[in-house]
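So the structure is just underneath, and the comments pick up after that.
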Amino acid sequence: MFFSPGSLADVQTLQWFSFDLPPDSIVYADSAYTDYAIEELLDEALQIRLLPVRKSNSKRPLPAYVHFVQTQQRKRVETTGSLIERLLPRHIHAVTAKGFELKLLLFVLAYSVNCL
């Protein structure tokens, strides 16, 4: 998991993310992660393809089949996120960032045990 302060834009936090993936991996991302420089850097340095959902007026449009895969996978992720969110309380009281991460991790683990 990767958490960042809510005050930062998604594309800014992408620079901090550790892409510990094998070469030739494909990472599908939301349109908020459109950053051509990072895409090129990942492709050249790590052979990882970052494929954010493109806007209709994009300079680098993706083929229709890639857009289809992105939307199908995104639905799965959004549905899972919604199901986990239902189990979470409206507020999580934590004093430190580590405490917040720990509580959130425990909620996710409880959800996965609940699904068994």
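Please note that chains go A, B, ... in the order of the structure tokens, that every chain numbers its residues from 1, and that ligands are numbered from 1 in the order shown.
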Strand (DSSP E) positions in chain A, given as a list in words: Ile26, Val27, Tyr28, Ala29, Arg49, Leu50, Leu51 and Pro52 of chain A
Could you pull out all residues of segment 7-90 of chain A with a DSSP call of alpha helix (DSSP H) and give them as a ChimeraX atom specification? /A:10-14,36-46,64-87
What would the file look like if the residues just selected were written as a JSON list (two decimals), in the first residue's frame with C-alpha atoms?
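Saved to part.json:
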```
[["chain", "number", "residue", "atom", "x", "y", "z"],
["A", 10, "ASP", "CA", -1.90, 12.37, -7.27],
["A", 11, "VAL", "CA", 0.64, 13.01, -10.00],
["A", 12, "GLN", "CA", 3.08, 14.44, -7.42],
["A", 13, "THR", "CA", 2.88, 11.32, -5.27],
["A", 14, "LEU", "CA", 3.59, 9.15, -8.30],
["A", 36, "TYR", "CA", 4.54, 11.82, -19.88],
["A", 37, "ALA", "CA", 7.99, 12.40, -18.34],
["A", 38, "ILE", "CA", 7.43, 9.77, -15.63],
["A", 39, "GLU", "CA", 5.97, 7.36, -18.20],
["A", 40, "GLU", "CA", 9.10, 7.67, -20.34],
["A", 41, "LEU", "CA", 11.44, 7.40, -17.35],
["A", 42, "LEU", "CA", 9.76, 4.21, -16.12],
["A", 43, "ASP", "CA", 9.83, 2.71, -19.59],
["A", 44, "GLU", "CA", 13.50, 3.52, -20.20],
["A", 45, "ALA", "CA", 14.91, 2.81, -16.74],
["A", 46, "LEU", "CA", 12.77, -0.10, -15.49],
["A", 64, "ALA", "CA", -9.46, 0.86, -27.86],
["A", 65, "TYR", "CA", -8.60, -2.57, -26.44],
["A", 66, "VAL", "CA", -6.30, -1.00, -23.81],
["A", 67, "HIS", "CA", -9.08, 1.41, -22.80],
["A", 68, "PHE", "CA", -11.45, -1.56, -22.46],
["A", 69, "VAL", "CA", -9.03, -3.43, -20.16],
["A", 70, "GLN", "CA", -8.50, -0.29, -18.10],
["A", 71, "THR", "CA", -12.21, 0.25, -17.54],
["A", 72, "GLN", "CA", -12.83, -3.40, -16.64],
["A", 73, "GLN", "CA", -9.98, -3.48, -14.11],
["A", 74, "ARG", "CA", -10.97, -0.12, -12.70],
["A", 75, "LYS", "CA", -14.50, -1.37, -12.00],
["A", 76, "ARG", "CA", -13.08, -4.26, -9.98],
["A", 77, "VAL", "CA", -10.82, -1.97, -7.98],
["A", 78, "GLU", "CA", -13.58, 0.59, -7.36],
["A", 79, "THR", "CA", -16.01, -2.12, -6.24],
["A", 80, "THR", "CA", -13.49, -3.62, -3.83],
["A", 81, "GLY", "CA", -12.68, -0.16, -2.48],
["A", 82, "SER", "CA", -16.38, 0.53, -1.90],
["A", 83, "LEU", "CA", -16.85, -2.75, -0.06],
["A", 84, "ILE", "CA", -13.89, -2.04, 2.22],
["A", 85, "GLU", "CA", -15.09, 1.53, 2.78],
["A", 86, "ARG", "CA", -18.43, 0.23, 4.08],
["A", 87, "LEU", "CA", -16.62, -1.56, 6.90]]
```
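Taking atom CA of Leu116 of chain A and atom CA of Leu88 of chain A as the two end points, the separation is 18.1 Å.
Distance-wise, atom CA of Thr34 of chain A and atom CA of Pro63 of chain A end up 16.1 Å apart.
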Separating atom CA of Leu50 of chain A from atom CA of Asp35 of chain A, to the nearest tenth of an Å, is a gap of 9.4 Å
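Residues in contact range of Ile26 of chain A, defined as at most 8 Å between only C-alpha atoms, with sequence neighbours fewer than 6 positions away removed, read Ile48, Arg49, Leu50 and Leu51 of chain A.
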